[in-house]
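Source file: run_15.cif; contents: mmCIF, C-alpha atoms.
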data_final
loop_
_atom_site.label_atom_id
_atom_site.label_comp_id
_atom_site.auth_asym_id
_atom_site.auth_seq_id
_atom_site.Cartn_x
_atom_site.Cartn_y
_atom_site.Cartn_z
CA MET A 592 67.58 70.92 38.90
CA LYS A 593 66.82 74.03 40.96
CA LYS A 594 68.07 72.23 44.08
CA LEU A 595 71.26 71.31 42.26
CA MET A 596 71.82 74.88 41.12
CA LYS A 597 71.24 76.14 44.66
CA ALA A 598 73.70 73.60 45.99
CA LEU A 599 76.32 74.59 43.43
CA LEU A 600 75.71 78.27 44.10
CA GLY A 601 76.03 77.69 47.82
CA ALA A 602 79.24 75.74 47.36
CA ALA A 603 80.65 78.45 45.12
CA LEU A 604 79.66 81.11 47.62
CA GLY A 605 81.26 79.10 50.42
CA ILE A 606 84.46 78.71 48.45
CA GLY A 607 84.39 82.42 47.67
CA LEU A 608 84.00 83.31 51.32
CA MET A 609 86.77 80.92 52.27
CA GLY A 610 88.97 82.49 49.64
CA ALA A 611 88.16 85.96 50.92
CA GLY A 612 88.91 84.87 54.46
CA ALA A 613 92.23 83.39 53.37
CA ALA A 614 93.07 86.58 51.52
CA MET A 615 92.24 88.64 54.58
CA ALA A 616 94.42 86.37 56.72
CA GLN A 617 97.26 86.76 54.23
CA ASP A 618 96.84 90.54 54.31
CA LEU A 619 97.41 90.69 58.05
CA LYS A 620 100.88 91.93 58.94
CA GLU A 621 102.75 89.59 61.24
CA VAL A 622 104.21 91.06 64.42
CA THR A 623 106.22 89.22 67.06
CA TYR A 624 105.46 90.86 70.40
CA ALA A 625 107.70 89.97 73.36
CA ILE A 626 106.86 90.68 77.00
CA ALA A 627 109.50 90.82 79.72
CA THR A 628 108.23 87.89 81.73
CA ALA A 629 108.63 84.14 81.86
CA ASP A 630 104.99 83.74 82.87
CA LEU A 631 102.29 85.18 80.58
CA ASN A 632 99.54 85.28 83.18
CA VAL A 633 96.41 87.42 83.46
CA GLY A 634 98.51 90.44 84.44
CA TYR A 635 99.35 91.46 80.84
CA PRO A 636 95.93 92.54 79.50
CA PHE A 637 97.37 95.32 77.35
CA ALA A 638 98.54 92.52 75.03
CA THR A 639 96.43 89.41 75.68
CA LEU A 640 93.12 91.29 75.89
CA ALA A 641 93.86 93.24 72.72
CA LYS A 642 94.48 89.95 70.94
CA GLU A 643 91.52 88.03 72.36
CA LEU A 644 89.02 90.80 71.59
CA GLY A 645 90.29 91.15 68.03
CA TYR A 646 91.65 94.67 68.40
CA PHE A 647 94.99 93.76 66.82
CA GLU A 648 93.23 92.08 63.91
CA GLU A 649 91.02 95.16 63.42
CA GLU A 650 94.25 97.04 62.83
CA GLY A 651 95.36 94.51 60.21
CA LEU A 652 97.84 92.80 62.52
CA ASP A 653 98.56 89.15 63.25
CA VAL A 654 100.30 89.45 66.62
CA ASP A 655 102.25 86.58 68.17
CA ILE A 656 102.72 87.24 71.89
CA VAL A 657 105.81 85.53 73.35
CA PRO A 658 107.53 85.54 76.76
CA GLY A 659 110.70 87.62 76.72
CA GLN A 660 111.92 86.56 80.18
CA SER A 661 113.45 89.83 81.48
CA SER A 662 113.72 93.42 80.26
CA ALA A 663 117.35 92.91 79.26
CA ALA A 664 116.49 89.69 77.41
CA THR A 665 113.57 91.39 75.65
CA ALA A 666 115.90 94.17 74.50
CA GLN A 667 118.18 91.53 72.98
CA LEU A 668 115.24 89.93 71.16
CA LEU A 669 114.49 93.31 69.61
CA LEU A 670 118.10 94.09 68.75
CA THR A 671 118.60 90.73 67.06
CA GLY A 672 115.32 90.89 65.16
CA ARG A 673 113.76 87.91 66.90
CA ALA A 674 110.94 90.19 68.04
CA ASN A 675 109.54 93.28 66.37
CA VAL A 676 108.16 95.03 69.45
CA GLY A 677 108.57 94.31 73.13
CA VAL A 678 107.38 95.32 76.57
CA ALA A 679 110.22 96.11 78.97
CA GLN A 680 111.09 98.33 81.89
CA PRO A 681 112.61 101.60 80.64
CA ASP A 682 115.73 101.60 82.85
CA PRO A 683 117.78 98.80 81.21
CA VAL A 684 116.99 100.07 77.72
CA MET A 685 117.74 103.69 78.60
CA ILE A 686 121.13 102.72 80.03
CA GLN A 687 122.15 101.01 76.79
CA ARG A 688 120.63 103.79 74.71
CA ALA A 689 122.61 106.47 76.55
CA ASN A 690 125.90 104.61 76.87
CA ALA A 691 126.03 102.53 73.69
CA ALA A 692 123.54 104.30 71.38
CA ILE A 693 121.48 101.15 70.79
CA PRO A 694 118.62 101.86 68.33
CA LEU A 695 115.75 101.05 70.71
CA VAL A 696 113.14 103.62 71.74
CA SER A 697 109.87 103.53 73.62
CA PHE A 698 106.79 104.26 71.52
CA TYR A 699 103.99 103.63 74.04
CA ALA A 700 103.87 104.08 77.82
CA ILE A 701 101.84 101.23 79.32
CA SER A 702 102.40 101.40 83.09
CA ARG A 703 102.31 105.00 84.23
CA ARG A 704 103.11 104.42 87.90
CA GLY A 705 106.12 102.94 89.63
CA THR A 706 105.57 99.22 90.08
CA ASN A 707 108.78 98.21 91.88
CA VAL A 708 108.18 97.39 95.53
CA PHE A 709 110.31 95.99 98.35
CA ILE A 710 108.60 93.24 100.32
CA VAL A 711 109.42 91.42 103.54
CA LYS A 712 107.67 88.91 105.75
CA PRO A 713 105.08 90.51 108.07
CA ASP A 714 107.16 89.80 111.19
CA SER A 715 110.47 90.95 109.68
CA PRO A 716 112.42 93.51 111.72
CA VAL A 717 113.20 95.32 108.46
CA GLN A 718 111.26 98.59 108.32
CA SER A 719 113.25 100.38 105.60
CA LEU A 720 116.23 99.88 103.31
CA LYS A 721 118.49 101.21 106.05
CA ASP A 722 117.82 97.96 107.92
CA MET A 723 119.05 95.85 105.01
CA LYS A 724 122.78 96.37 105.49
CA GLY A 725 124.52 93.00 105.39
CA LYS A 726 121.31 91.20 104.44
CA THR A 727 120.16 89.32 101.33
CA VAL A 728 117.88 90.70 98.63
CA GLY A 729 116.10 88.46 96.14
CA VAL A 730 115.18 89.49 92.60
CA GLY A 731 113.47 87.43 89.91
CA ASP A 732 116.18 87.97 87.32
CA LEU A 733 119.50 89.82 87.46
CA GLY A 734 118.64 91.41 84.08
CA SER A 735 115.54 93.02 85.50
CA GLY A 736 115.18 96.80 85.75
CA SER A 737 114.38 96.18 89.40
CA VAL A 738 118.11 95.81 90.06
CA ASN A 739 118.71 99.36 88.85
CA TYR A 740 115.87 100.58 91.01
CA LEU A 741 117.43 98.87 94.03
CA ARG A 742 120.77 100.51 93.29
CA TYR A 743 119.09 103.92 93.14
CA ARG A 744 117.12 103.47 96.34
CA LEU A 745 120.20 102.22 98.20
CA ALA A 746 122.15 105.28 97.07
CA ALA A 747 119.37 107.51 98.40
CA GLU A 748 120.00 105.90 101.80
CA GLY A 749 123.77 106.41 101.59
CA MET A 750 124.34 102.74 100.76
CA SER A 751 125.49 100.75 97.74
CA MET A 752 125.16 97.28 96.28
CA ASN A 753 128.21 96.32 98.32
CA ASP A 754 126.09 96.67 101.46
CA ILE A 755 123.73 93.85 100.49
CA GLN A 756 123.90 90.42 98.88
CA LEU A 757 121.83 90.12 95.70
CA ILE A 758 120.62 86.76 94.41
CA ALA A 759 118.30 85.69 91.58
CA THR A 760 115.40 83.66 92.95
CA GLY A 761 113.35 83.21 89.78
CA TYR A 762 109.79 84.35 89.30
CA GLY A 763 106.58 82.99 90.75
CA THR A 764 106.63 80.24 93.35
CA PRO A 765 110.45 79.91 93.64
CA GLY A 766 110.69 83.62 94.48
CA PHE A 767 107.76 83.43 96.88
CA GLU A 768 109.31 80.47 98.70
CA ALA A 769 112.71 82.15 98.91
CA LEU A 770 111.20 84.94 100.99
CA LYS A 771 108.97 82.67 103.04
CA SER A 772 111.83 80.28 103.90
CA GLY A 773 114.21 83.07 104.87
CA ALA A 774 116.62 82.36 102.01
CA VAL A 775 116.32 86.09 101.35
CA ASP A 776 115.52 88.84 103.85
CA MET A 777 113.75 91.01 101.30
CA SER A 778 112.49 90.61 97.74
CA ILE A 779 111.99 93.11 94.95
CA SER A 780 108.68 92.57 93.25
CA PHE A 781 106.04 94.56 91.41
CA SER A 782 102.40 95.33 92.11
CA GLY A 783 101.04 92.42 90.11
CA GLY A 784 103.62 90.07 91.60
CA VAL A 785 102.57 91.00 95.13
CA ALA A 786 98.94 90.40 94.17
CA ARG A 787 99.91 86.96 92.87
CA MET A 788 101.72 86.18 96.12
CA LYS A 789 98.75 87.15 98.23
CA VAL A 790 96.22 85.14 96.22
CA ALA A 791 98.61 82.18 96.45
CA GLY A 792 98.46 82.42 100.24
CA TYR A 793 101.77 84.17 100.95
CA ASP A 794 101.61 86.99 103.48
CA VAL A 795 103.96 89.92 102.89
CA ARG A 796 104.51 93.49 103.97
CA ILE A 797 105.44 96.27 101.51
CA LEU A 798 108.03 98.81 102.60
CA PRO A 799 107.04 102.50 102.18
CA GLN A 800 107.41 103.92 98.66
CA PRO A 801 108.42 107.47 97.72
CA GLU A 802 105.60 109.75 96.51
CA THR A 803 107.52 110.22 93.25
CA GLU A 804 106.57 106.66 92.27
CA ARG A 805 103.07 107.88 91.39
CA THR A 806 104.37 109.36 88.12
CA GLN A 807 106.77 106.89 86.60
CA TYR A 808 106.93 104.78 83.47
CA SER A 809 107.42 101.18 84.50
CA TYR A 810 106.60 99.10 81.43
CA ASN A 811 106.70 100.50 77.90
CA LEU A 812 106.49 99.20 74.35
CA PHE A 813 109.85 99.39 72.56
CA ALA A 814 111.03 98.83 69.01
CA GLN A 815 114.05 99.56 66.85
CA GLU A 816 114.04 103.02 65.29
CA ASP A 817 114.32 101.57 61.78
CA TYR A 818 111.34 99.29 62.40
CA ILE A 819 109.24 102.23 63.59
CA ALA A 820 110.26 104.32 60.57
CA ALA A 821 109.47 101.50 58.14
CA ASN A 822 106.19 100.47 59.78
CA PRO A 823 104.31 103.53 61.02
CA ASP A 824 100.95 101.83 60.37
CA ILE A 825 101.92 98.87 62.54
CA ILE A 826 103.09 101.13 65.38
CA ALA A 827 99.91 103.22 65.22
CA GLY A 828 97.78 100.07 65.07
CA LEU A 829 99.51 98.42 68.01
CA GLY A 830 99.06 101.54 70.09
CA ARG A 831 95.41 101.97 69.13
CA ALA A 832 94.63 98.32 69.91
CA THR A 833 96.38 98.69 73.27
CA ALA A 834 94.38 101.82 74.07
CA LYS A 835 91.12 100.08 73.14
CA ALA A 836 92.00 97.15 75.41
CA THR A 837 92.72 99.62 78.22
CA VAL A 838 89.29 101.23 77.85
CA TYR A 839 87.61 97.81 77.88
CA LEU A 840 89.68 96.68 80.85
CA LYS A 841 88.93 99.67 83.04
CA ASN A 842 85.20 99.40 82.40
CA ASN A 843 84.82 95.71 83.21
CA PRO A 844 87.81 93.95 84.82
CA GLU A 845 85.80 90.74 85.37
CA ALA A 846 85.01 90.51 81.66
CA ALA A 847 88.73 91.03 80.99
CA VAL A 848 89.53 88.07 83.26
CA ARG A 849 87.06 85.90 81.34
CA ALA A 850 88.61 87.05 78.09
CA PHE A 851 92.00 85.92 79.38
CA TRP A 852 90.56 82.52 80.26
CA SER A 853 89.36 82.27 76.67
CA TYR A 854 92.76 83.38 75.38
CA SER A 855 94.61 80.89 77.59
CA PRO A 856 92.24 77.97 78.41
CA ASP A 857 94.94 76.12 80.34
CA ARG A 858 94.87 79.01 82.83
CA ALA A 859 91.09 78.92 83.21
CA PRO A 860 89.31 77.08 86.05
CA LYS A 861 87.31 73.97 85.13
CA ASP A 862 84.22 75.79 86.33
CA LEU A 863 84.13 79.20 84.66
CA ASN A 864 81.79 80.37 87.42
CA ASP A 865 84.38 79.57 90.10
CA LYS A 866 84.20 82.66 92.34
CA ALA A 867 87.51 81.93 94.07
CA ALA A 868 89.32 81.68 90.72
CA MET A 869 87.76 84.96 89.60
CA GLU A 870 88.82 86.69 92.82
CA ARG A 871 92.39 85.44 92.43
CA ASP A 872 92.82 86.64 88.86
CA LEU A 873 90.85 89.82 89.48
CA ALA A 874 93.29 90.75 92.27
CA ILE A 875 96.23 90.44 89.85
CA LEU A 876 94.42 92.35 87.13
CA SER A 877 93.33 95.09 89.52
CA ALA A 878 96.98 95.70 90.44
CA GLN A 879 97.81 96.12 86.76
CA ILE A 880 94.90 98.55 86.31
CA ARG A 881 96.39 100.71 89.05
CA ASP A 882 99.87 100.53 87.52
CA MET A 883 98.44 101.61 84.17
CA ALA A 884 96.69 104.51 85.96
CA ALA A 885 93.50 103.24 84.35
CA ASP A 886 91.77 103.53 87.70
CA GLU A 887 91.91 107.32 87.72
CA ASN A 888 91.92 108.44 84.08
CA ALA A 889 88.93 108.91 81.78
CA ASP A 890 88.17 106.67 78.82
CA ASP A 891 89.38 109.38 76.44
CA PHE A 892 92.72 109.84 78.23
CA ALA A 893 95.80 110.12 76.00
CA TRP A 894 96.74 106.44 76.46
CA GLY A 895 100.29 105.62 75.43
CA SER A 896 101.46 109.24 75.34
CA GLN A 897 104.85 110.04 76.84
CA ASP A 898 106.37 112.99 78.66
CA ALA A 899 110.02 114.02 78.38
CA ALA A 900 110.00 115.20 82.01
CA ILE A 901 109.42 111.65 83.24
CA TYR A 902 112.32 110.34 81.17
CA ALA A 903 114.45 113.15 82.59
CA LYS A 904 113.51 111.98 86.08
CA ILE A 905 114.42 108.36 85.31
CA GLN A 906 117.68 109.47 83.70
CA ALA A 907 118.51 111.56 86.78
CA TYR A 908 118.44 108.56 89.08
CA LEU A 909 120.43 106.46 86.60
CA LEU A 910 123.03 109.23 86.48
CA GLU A 911 123.06 109.47 90.25
CA VAL A 912 123.98 105.82 90.66
CA GLY A 913 126.51 105.88 87.79
CA LEU A 914 124.62 103.70 85.33
CA ILE A 915 124.48 106.43 82.69
CA LYS A 916 127.78 108.16 81.98
CA GLU A 917 126.50 111.58 80.95
CA ALA A 918 123.15 113.32 80.67
CA LYS A 919 121.42 113.10 77.31
CA ASP A 920 118.49 114.97 75.82
CA PRO A 921 115.53 112.95 77.20
CA SER A 922 113.96 112.95 73.74
CA ILE A 923 116.41 110.25 72.62
CA TYR A 924 114.60 107.69 74.74
CA PHE A 925 111.14 107.82 73.19
CA ASP A 926 109.08 108.44 70.07
CA ASN A 927 105.81 110.25 70.72
CA ARG A 928 104.83 110.88 67.08
CA PHE A 929 102.00 108.36 67.10
CA ALA A 930 100.31 109.41 70.34
CA ASP A 931 97.38 111.08 68.56
CA ALA A 932 96.84 107.99 66.42
CA TYR A 933 96.54 105.76 69.50
CA THR A 934 93.36 107.52 70.60
CA ASP A 935 91.88 108.01 67.15
CA PHE A 936 88.72 106.06 68.00
CA ASP A 937 85.50 106.56 69.90
CA PRO A 938 85.89 104.97 73.35
CA ALA A 939 82.14 105.05 74.10
CA PRO A 940 81.15 101.90 72.14
CA ILE A 941 84.06 99.97 73.67
CA ALA A 942 83.13 101.06 77.18
CA ALA A 943 79.49 100.13 76.50
CA ALA A 944 80.47 96.70 75.14
CA ALA A 945 82.63 96.07 78.20
CA LYS A 946 79.86 97.03 80.61
CA ALA A 947 77.40 94.79 78.75
CA ALA A 948 79.74 91.76 78.80
CA ASN A 949 79.13 88.96 81.28
#

How would this structure read if it were set down as structure tokens?
Amino acid sequence: MKKLMKALLGAALGIGLMGAGAAMAQDLKEVTYAIATADLNVGYPFATLAKELGYFEEEGLDVDIVPGQSSAATAQLLLTGRANVGVAQPDPVMIQRANAAIPLVSFYAISRRGTNVFIVKPDSPVQSLKDMKGKTVGVGDLGSGSVNYLRYRLAAEGMSMNDIQLIATGYGTPGFEALKSGAVDMSISFSGGVARMKVAGYDVRILPQPETERTQYSYNLFAQEDYIAANPDIIAGLGRATAKATVYLKNNPEAAVRAFWSYSPDRAPKDLNDKAAMERDLAILSAQIRDMAADENADDFAWGSQDAAIYAKIQAYLLEVGLIKEAKDPSIYFDNRFADAYTDFDPAPIAAAAKAAN
């Protein structure tokens, strides 16, 4: 009889726990999170790591991470309500915000350095953009913010888009092959993309970058103004989870790679101790750490915070090349109200957990 009572009590307890778990799952707020890429690889730890380590769930969020293709496409997902938040380059969104008053603003700065780079084959005669007149430039997607960056850099050299031929090569291997085969004379890529090329065996040379690229927002989290106003807890939670993932990432990049393999098993090597596989993904992740400026800032840095002066700088080059019709108050491009909430946690336990991880 006692055994029966214990069994019934255990079953009841189990059902109760299951019910509590279901209730907790139902209480999580669903968020569709788009990233401006067609390839959700290891280079997006600010999202995938936050999800795998449970940081989003700690904030009461059930986050669905989806590929948004390009920055322009991601903006459309947000504007049409097919995504709630999205990672995109600031330029394309700022252009539409200034010229057409679209209701999208940045609420978290992820990449704090310029990531756009111009690459050529090692033996190319091209040493600078001045050498590109009459030649072909490849870009992953014509809706990418990289196109605006190219326009700006050409203008700085006294050139325009009419001086080059621009073609979309696609991302990943098709883009790599376009440069290798000579279908394009130069490609526009980003730090993580160059790292991917190199680990895939492609040899490239990066053209010199201006010093101003060291302070530049390159990938930010955006949302509609109405969504931000209606969901301040979600915005604060997303930012805090992202900041936590950044602290973990900077303290143990190898553990972050392993977390990505757990998040996306189809991307993991058959042998999880494969040193070559770790080196490949670590190279991509290390490039992202640099872009996020996580390599030089302390754990308690104001992650996600934004500066109007940087938006003014971006707007200045968009004005210079005629993509924005008239100067606007830089404050229209971003919402910094939740910056303090993003770092409202103790980074020490997260750093310690990262360092202790295998």

Distance query 6 Å from (107.3, 90.8, 63.9) using all atoms listed in the file, result as an NGL selection string:
:A and (621-623 or 674-675)

For this file, the PyMOL selection byres ((chain A and resi 947) around 12) selects which residues, as a ChimeraX atom specification?
/A:839,842-843,845-846,940-946,948-949

The PyMOL selection byres ((chain A and resi 882-891) around 9) - which residues does that actually catch in the file I just gave you? List them as a PyMOL selection string.
chain A and resi 700-706+782-783+805+809-810+837-842+877-881+892-894+934+937-939+942

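Selection check: the PyMOL selection byres ((chain A and resi 761) around 8) on the shown file gives Val730, Gly731, Asp732, Ala759, Thr760, Tyr762, Gly763, Pro765 and Gly766 of chain A.
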
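Taking all atoms listed in the file into account, A:Ile875 lies nearest to A:Val633 out of the set A:Ile901, A:Val654, A:Val633, A:Ala638.
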
N, CA and C atoms are needed for stretch 767-794 of chain A; please write them out as a short mmCIF file (atom, residue, chain, number, x, y, z; two decimals), in the frame of the given file.
data_model
loop_
_atom_site.label_atom_id
_atom_site.label_comp_id
_atom_site.auth_asym_id
_atom_site.auth_seq_id
_atom_site.Cartn_x
_atom_site.Cartn_y
_atom_site.Cartn_z
N PHE A 767 108.62 83.34 95.70
CA PHE A 767 107.76 83.43 96.88
C PHE A 767 108.35 82.60 98.02
N GLU A 768 108.78 81.38 97.69
CA GLU A 768 109.31 80.47 98.70
C GLU A 768 110.63 80.96 99.27
N ALA A 769 111.42 81.64 98.43
CA ALA A 769 112.71 82.15 98.91
C ALA A 769 112.50 83.15 100.05
N LEU A 770 111.49 83.97 99.92
CA LEU A 770 111.20 84.94 100.99
C LEU A 770 110.58 84.24 102.19
N LYS A 771 109.65 83.35 101.94
CA LYS A 771 108.97 82.67 103.04
C LYS A 771 109.94 81.84 103.87
N SER A 772 110.89 81.16 103.20
CA SER A 772 111.83 80.28 103.90
C SER A 772 112.94 81.03 104.61
N GLY A 773 113.12 82.30 104.28
CA GLY A 773 114.21 83.07 104.87
C GLY A 773 115.49 83.01 104.07
N ALA A 774 115.43 82.39 102.86
CA ALA A 774 116.62 82.36 102.01
C ALA A 774 117.02 83.78 101.62
N VAL A 775 116.04 84.67 101.55
CA VAL A 775 116.32 86.09 101.35
C VAL A 775 115.59 86.87 102.44
N ASP A 776 116.14 88.01 102.81
CA ASP A 776 115.52 88.84 103.85
C ASP A 776 114.48 89.80 103.27
N MET A 777 114.66 90.10 101.98
CA MET A 777 113.75 91.01 101.30
C MET A 777 113.72 90.63 99.83
N SER A 778 112.59 90.85 99.19
CA SER A 778 112.49 90.61 97.74
C SER A 778 112.06 91.89 97.05
N ILE A 779 112.50 92.02 95.80
CA ILE A 779 111.99 93.11 94.95
C ILE A 779 110.93 92.49 94.06
N SER A 780 109.77 93.07 94.08
CA SER A 780 108.68 92.57 93.25
C SER A 780 108.01 93.75 92.57
N PHE A 781 106.83 93.50 92.05
CA PHE A 781 106.04 94.56 91.41
C PHE A 781 104.60 94.37 91.84
N SER A 782 103.76 95.35 91.58
CA SER A 782 102.40 95.33 92.11
C SER A 782 101.66 94.05 91.78
N GLY A 783 101.71 93.65 90.51
CA GLY A 783 101.04 92.42 90.11
C GLY A 783 101.63 91.19 90.76
N GLY A 784 102.97 91.20 90.95
CA GLY A 784 103.62 90.07 91.60
C GLY A 784 103.19 89.93 93.05
N VAL A 785 103.03 91.05 93.74
CA VAL A 785 102.57 91.00 95.13
C VAL A 785 101.14 90.48 95.19
N ALA A 786 100.32 90.91 94.23
CA ALA A 786 98.94 90.40 94.17
C ALA A 786 98.93 88.90 93.97
N ARG A 787 99.81 88.41 93.10
CA ARG A 787 99.91 86.96 92.87
C ARG A 787 100.32 86.23 94.14
N MET A 788 101.27 86.81 94.88
CA MET A 788 101.72 86.18 96.12
C MET A 788 100.56 86.06 97.11
N LYS A 789 99.82 87.14 97.24
CA LYS A 789 98.75 87.15 98.23
C LYS A 789 97.64 86.16 97.88
N VAL A 790 97.28 86.08 96.59
CA VAL A 790 96.22 85.14 96.22
C VAL A 790 96.71 83.70 96.33
N ALA A 791 98.04 83.52 96.29
CA ALA A 791 98.61 82.18 96.45
C ALA A 791 98.78 81.80 97.92
N GLY A 792 98.42 82.73 98.82
CA GLY A 792 98.46 82.42 100.24
C GLY A 792 99.69 82.89 100.97
N TYR A 793 100.56 83.66 100.30
CA TYR A 793 101.77 84.17 100.95
C TYR A 793 101.46 85.54 101.56
N ASP A 794 101.86 85.73 102.79
CA ASP A 794 101.61 86.99 103.48
C ASP A 794 102.88 87.82 103.47
#
